[in-house]
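S.K.: Okay, so here is query33.pdb, and as you'll see once you scroll down, it has PDB, C-alpha atoms.
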ATOM      1  CA  MET A   1      73.741   5.389  -7.031
ATOM      2  CA  SER A   2      70.198   4.367  -7.973
ATOM      3  CA  VAL A   3      68.037   6.716 -10.016
ATOM      4  CA  VAL A   4      64.259   7.066 -10.040
ATOM      5  CA  LYS A   5      62.281   8.026 -13.127
ATOM      6  CA  ILE A   6      58.668   9.075 -12.681
ATOM      7  CA  ASN A   7      56.593   9.461 -15.804
ATOM      8  CA  VAL A   8      53.744  11.846 -14.969
ATOM      9  CA  LEU A   9      50.767  11.027 -17.207
ATOM     10  CA  THR A  10      47.643  13.146 -17.577
ATOM     11  CA  VAL A  11      44.858  10.635 -18.205
ATOM     12  CA  PRO A  12      41.248  11.689 -18.819
ATOM     13  CA  ALA A  13      38.726   9.691 -16.779
ATOM     14  CA  GLU A  14      37.409   7.890 -19.865
ATOM     15  CA  GLN A  15      40.937   6.638 -20.697
ATOM     16  CA  ARG A  16      41.916   5.270 -17.257
ATOM     17  CA  GLU A  17      40.779   1.715 -17.961
ATOM     18  CA  THR A  18      42.567   1.740 -21.333
ATOM     19  CA  LEU A  19      45.824   2.918 -19.746
ATOM     20  CA  GLU A  20      45.695   0.306 -16.980
ATOM     21  CA  LYS A  21      44.903  -2.497 -19.439
ATOM     22  CA  ARG A  22      47.848  -1.499 -21.635
ATOM     23  CA  PHE A  23      50.213  -1.577 -18.669
ATOM     24  CA  ALA A  24      48.780  -4.932 -17.545
ATOM     25  CA  SER A  25      49.307  -6.400 -21.024
ATOM     26  CA  ARG A  26      52.988  -5.432 -20.826
ATOM     27  CA  ALA A  27      53.411  -6.626 -17.245
ATOM     28  CA  HIS A  28      56.930  -7.851 -16.539
ATOM     29  CA  ALA A  29      58.279  -6.392 -19.820
ATOM     30  CA  VAL A  30      60.787  -4.195 -17.981
ATOM     31  CA  GLU A  31      61.814  -6.625 -15.230
ATOM     32  CA  GLY A  32      64.486  -8.429 -17.237
ATOM     33  CA  SER A  33      66.261  -5.218 -18.232
ATOM     34  CA  ASP A  34      69.816  -4.799 -17.015
ATOM     35  CA  GLY A  35      69.891  -2.377 -14.091
ATOM     36  CA  PHE A  36      66.127  -2.435 -13.462
ATOM     37  CA  GLU A  37      65.220  -2.356  -9.752
ATOM     38  CA  TRP A  38      61.527  -1.443  -9.299
ATOM     39  CA  PHE A  39      58.260  -0.522 -11.051
ATOM     40  CA  GLU A  40      54.906   0.805  -9.836
ATOM     41  CA  LEU A  41      51.893   2.240 -11.678
ATOM     42  CA  LEU A  42      50.173   4.676  -9.296
ATOM     43  CA  ARG A  43      46.485   5.487  -9.863
ATOM     44  CA  PRO A  44      45.154   8.810  -8.521
ATOM     45  CA  VAL A  45      42.457   8.460  -5.885
ATOM     46  CA  GLU A  46      41.130  12.009  -5.620
ATOM     47  CA  GLY A  47      41.418  15.475  -7.067
ATOM     48  CA  THR A  48      43.646  14.786 -10.059
ATOM     49  CA  ASP A  49      43.791  13.010 -13.406
ATOM     50  CA  THR A  50      47.525  12.331 -13.036
ATOM     51  CA  TYR A  51      48.964   8.813 -12.993
ATOM     52  CA  LEU A  52      52.560   8.236 -11.900
ATOM     53  CA  VAL A  53      54.719   5.536 -13.469
ATOM     54  CA  TYR A  54      57.555   4.920 -10.994
ATOM     55  CA  THR A  55      60.680   3.072 -12.087
ATOM     56  CA  ARG A  56      63.960   2.705 -10.233
ATOM     57  CA  TRP A  57      67.265   1.867 -11.943
ATOM     58  CA  ARG A  58      70.798   0.991 -10.844
ATOM     59  CA  ASP A  59      72.100   4.054 -12.719
ATOM     60  CA  GLU A  60      71.280   6.543 -15.472
ATOM     61  CA  GLU A  61      73.059   4.416 -18.090
ATOM     62  CA  SER A  62      70.758   1.439 -17.394
ATOM     63  CA  PHE A  63      67.681   3.618 -17.818
ATOM     64  CA  GLN A  64      68.986   5.139 -21.055
ATOM     65  CA  ALA A  65      69.817   1.683 -22.465
ATOM     66  CA  TRP A  66      66.242   0.560 -21.747
ATOM     67  CA  MET A  67      64.807   3.741 -23.305
ATOM     68  CA  GLU A  68      66.851   3.250 -26.480
ATOM     69  CA  GLY A  69      66.181  -0.486 -26.709
ATOM     70  CA  PRO A  70      63.087  -2.285 -25.380
ATOM     71  CA  MET A  71      61.090   0.867 -24.541
ATOM     72  CA  LYS A  72      61.673   2.484 -27.930
ATOM     73  CA  SER A  73      60.737  -0.625 -29.892
ATOM     74  CA  ALA A  74      57.610  -1.196 -27.757
ATOM     75  CA  HIS A  75      56.371   2.338 -28.440
ATOM     76  CA  GLN A  76      57.275   2.315 -32.151
ATOM     77  CA  GLY A  77      55.900  -1.128 -32.946
ATOM     78  CA  GLY A  78      52.495  -1.837 -34.388
ATOM     79  CA  GLY A  79      49.414  -1.872 -32.249
ATOM     80  CA  GLU A  80      47.699  -4.905 -30.833
ATOM     81  CA  GLY A  81      47.519  -7.589 -33.490
ATOM     82  CA  GLY A  82      50.191  -5.877 -35.584
ATOM     83  CA  GLY A  83      47.767  -3.269 -36.891
ATOM     84  CA  GLU A  84      47.823   0.469 -36.623
ATOM     85  CA  ARG A  85      49.353   1.925 -33.451
ATOM     86  CA  PRO A  86      46.583   2.732 -30.927
ATOM     87  CA  LYS A  87      45.870   6.287 -29.821
ATOM     88  CA  PRO A  88      47.689   7.193 -26.566
ATOM     89  CA  ALA A  89      45.544   6.950 -23.430
ATOM     90  CA  ALA A  90      47.367   9.892 -21.832
ATOM     91  CA  SER A  91      46.829  13.433 -23.057
ATOM     92  CA  GLY A  92      50.160  14.630 -21.648
ATOM     93  CA  SER A  93      53.417  13.298 -20.232
ATOM     94  CA  THR A  94      56.352  14.675 -18.231
ATOM     95  CA  LEU A  95      59.419  12.773 -17.012
ATOM     96  CA  TRP A  96      60.800  13.541 -13.557
ATOM     97  CA  SER A  97      64.309  12.318 -12.617
ATOM     98  CA  PHE A  98      65.735  11.818  -9.130
ATOM     99  CA  GLU A  99      68.806  10.326  -7.466
ATOM    100  CA  VAL A 100      68.235   8.152  -4.404
ATOM    101  CA  VAL A 101      70.108   9.752  -1.509
ATOM    102  CA  GLN A 102      68.406   7.931   1.385
ATOM    103  CA  GLN A 103      66.225   4.859   1.655
ATOM    104  CA  ALA A 104      64.660   2.622   4.273
ATOM    105  CA  GLY A 105      63.062  -0.785   4.081
ATOM    106  CA  PRO A 106      60.679  -2.614   6.383
ATOM    107  CA  LYS A 107      62.039  -3.385   9.831
ATOM    108  CA  SER A 108      62.981  -7.045  10.140
ATOM    109  CA  GLU A 109      61.769  -8.827  13.263
TER     110      GLU A 109
END
Using the file provided, produce a representation of the structure as structure tokens.

M.R.:
Amino acid sequence: MSVVKINVLTVPAEQRETLEKRFASRAHAVEGSDGFEWFELLRPVEGTDTYLVYTRWRDEESFQAWMEGPMKSAHQGGGEGGGERPKPAASGSTLWSFEVVQQAGPKSE
């Protein structure tokens, strides 16, 4: 059964561009991970400073393997250019976890 992980990031207005640029610079970094199914970075449009990072995985084990491997090394490594690690763009983070119990795709014609 697929699982969805949503990282809920509180991002002050002055850090939005920084956050989006950091995600863009790592584009496709997760796609080759075993069990990875989907990714979306969702920008708030009104009334909140909360971004959602949506990922979908084949199972919990695939997500955990990514967290302990590629994700961990990406967040522990040096900053851009191998220097000091940059300050986080988000001021807070919460991880939501869900199991996919129903889904629908576009209707084929």

S.K.: What lies within 9 Å of Leu95 of chain A using all atoms listed in the file, ignoring chain neighbours under 4 positions off, as a VMD selection string?

M.R.: chain A and resid 5 to 9

S.K.: Please evaluate the PyMOL selection byres ((chain A and resi 59-63) around 9) against the structure above and give the resulting residues as a list in words.

M.R.: Met1, Ser2, Val3, Val4, Lys5, Ser33, Asp34, Gly35, Phe36, Arg56, Trp57, Arg58, Gln64, Ala65, Trp66, Met67, Glu68 and Glu99 of chain A

S.K.: Using Å and a single decimal, report how far atom CA of Pro106 of chain A sits from atom CA of Ala24 of chain A.

M.R.: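 These atoms are spaced 26.8 Å apart.
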
S.K.: Identify which of the residues A:Gln103, A:Thr50, A:Thr55, A:Thr94 lies closest to Arg16 of chain A, counting only C-alpha atoms when measuring atom-to-atom distances.

M.R.: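 Distance minimum relative to Arg16 of chain A lands on A:Thr50.
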
S.K.: So, counting all atoms listed in the file, which residue among A:Glu109, A:Pro70, A:Tyr54, A:Ala27 is closest to Ser97 of chain A?

M.R.: A:Tyr54

S.K.: Which residues match the PyMOL selection byres ((chain A and resi 91) around 12) in the file above, as a ChimeraX atom specification?

M.R.: /A:8-16,19,49-51,87-90,92-94

S.K.: Would you put the residues from that selection into a file with C-alpha atoms, as a PDB file, keeping the file's coordinate frame?

M.R.:
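selection_36.pdb written:
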ATOM      1  CA  VAL A   8      53.744  11.846 -14.969  1.00  0.00           C
ATOM      2  CA  LEU A   9      50.767  11.027 -17.207  1.00  0.00           C
ATOM      3  CA  THR A  10      47.643  13.146 -17.577  1.00  0.00           C
ATOM      4  CA  VAL A  11      44.858  10.635 -18.205  1.00  0.00           C
ATOM      5  CA  PRO A  12      41.248  11.689 -18.819  1.00  0.00           C
ATOM      6  CA  ALA A  13      38.726   9.691 -16.779  1.00  0.00           C
ATOM      7  CA  GLU A  14      37.409   7.890 -19.865  1.00  0.00           C
ATOM      8  CA  GLN A  15      40.937   6.638 -20.697  1.00  0.00           C
ATOM      9  CA  ARG A  16      41.916   5.270 -17.257  1.00  0.00           C
ATOM     10  CA  LEU A  19      45.824   2.918 -19.746  1.00  0.00           C
ATOM     11  CA  ASP A  49      43.791  13.010 -13.406  1.00  0.00           C
ATOM     12  CA  THR A  50      47.525  12.331 -13.036  1.00  0.00           C
ATOM     13  CA  TYR A  51      48.964   8.813 -12.993  1.00  0.00           C
ATOM     14  CA  LYS A  87      45.870   6.287 -29.821  1.00  0.00           C
ATOM     15  CA  PRO A  88      47.689   7.193 -26.566  1.00  0.00           C
ATOM     16  CA  ALA A  89      45.544   6.950 -23.430  1.00  0.00           C
ATOM     17  CA  ALA A  90      47.367   9.892 -21.832  1.00  0.00           C
ATOM     18  CA  GLY A  92      50.160  14.630 -21.648  1.00  0.00           C
ATOM     19  CA  SER A  93      53.417  13.298 -20.232  1.00  0.00           C
ATOM     20  CA  THR A  94      56.352  14.675 -18.231  1.00  0.00           C
TER      21      THR A  94
END

S.K.: At what distance in Å, to one decimal, does atom CA of Val30 of chain A lie from atom CA of Trp96 of chain A?

M.R.: 18.3 Å

S.K.: Generate N, CA and C atoms for segment 38-59 of chain A and emit them as a short mmCIF file (atom, residue, chain, number, x, y, z; two decimals), in the frame of the given file.

M.R.:
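The result, written out as rebuild.cif:
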data_model
loop_
_atom_site.label_atom_id
_atom_site.label_comp_id
_atom_site.auth_asym_id
_atom_site.auth_seq_id
_atom_site.Cartn_x
_atom_site.Cartn_y
_atom_site.Cartn_z
N TRP A 38 62.89 -1.52 -9.83
CA TRP A 38 61.53 -1.44 -9.30
C TRP A 38 60.59 -0.76 -10.28
N PHE A 39 59.31 -1.15 -10.24
CA PHE A 39 58.26 -0.52 -11.05
C PHE A 39 56.97 -0.44 -10.24
N GLU A 40 56.25 0.67 -10.38
CA GLU A 40 54.91 0.80 -9.84
C GLU A 40 54.10 1.73 -10.75
N LEU A 41 52.84 1.36 -11.01
CA LEU A 41 51.89 2.24 -11.68
C LEU A 41 50.97 2.75 -10.58
N LEU A 42 50.95 4.07 -10.38
CA LEU A 42 50.17 4.68 -9.30
C LEU A 42 48.95 5.38 -9.86
N ARG A 43 47.77 4.93 -9.43
CA ARG A 43 46.48 5.49 -9.86
C ARG A 43 46.07 6.59 -8.90
N PRO A 44 45.63 7.74 -9.42
CA PRO A 44 45.15 8.81 -8.52
C PRO A 44 43.84 8.41 -7.84
N VAL A 45 43.68 8.81 -6.61
CA VAL A 45 42.46 8.46 -5.88
C VAL A 45 41.51 9.65 -5.70
N GLU A 46 42.03 10.86 -5.75
CA GLU A 46 41.13 12.01 -5.62
C GLU A 46 41.80 13.28 -6.11
N GLY A 47 40.99 14.12 -6.74
CA GLY A 47 41.42 15.48 -7.07
C GLY A 47 42.39 15.67 -8.21
N THR A 48 42.71 14.61 -8.95
CA THR A 48 43.65 14.79 -10.06
C THR A 48 43.40 13.72 -11.12
N ASP A 49 43.86 14.00 -12.33
CA ASP A 49 43.79 13.01 -13.41
C ASP A 49 45.20 12.54 -13.77
N THR A 50 46.12 12.64 -12.81
CA THR A 50 47.52 12.33 -13.04
C THR A 50 47.92 10.97 -12.49
N TYR A 51 48.37 10.10 -13.38
CA TYR A 51 48.96 8.81 -12.99
C TYR A 51 50.47 9.01 -12.88
N LEU A 52 51.11 8.23 -12.01
CA LEU A 52 52.56 8.24 -11.90
C LEU A 52 53.08 6.84 -12.24
N VAL A 53 54.05 6.79 -13.13
CA VAL A 53 54.72 5.54 -13.47
C VAL A 53 56.11 5.62 -12.85
N TYR A 54 56.32 4.86 -11.78
CA TYR A 54 57.56 4.92 -10.99
C TYR A 54 58.47 3.77 -11.40
N THR A 55 59.67 4.11 -11.85
CA THR A 55 60.68 3.07 -12.09
C THR A 55 61.97 3.48 -11.39
N ARG A 56 62.68 2.47 -10.91
CA ARG A 56 63.96 2.70 -10.23
C ARG A 56 65.02 1.86 -10.94
N TRP A 57 66.19 2.47 -11.16
CA TRP A 57 67.26 1.87 -11.94
C TRP A 57 68.59 1.94 -11.19
N ARG A 58 69.48 1.01 -11.47
CA ARG A 58 70.80 0.99 -10.84
C ARG A 58 71.54 2.29 -11.11
N ASP A 59 71.41 2.83 -12.34
CA ASP A 59 72.10 4.05 -12.72
C ASP A 59 71.45 4.63 -13.97
#
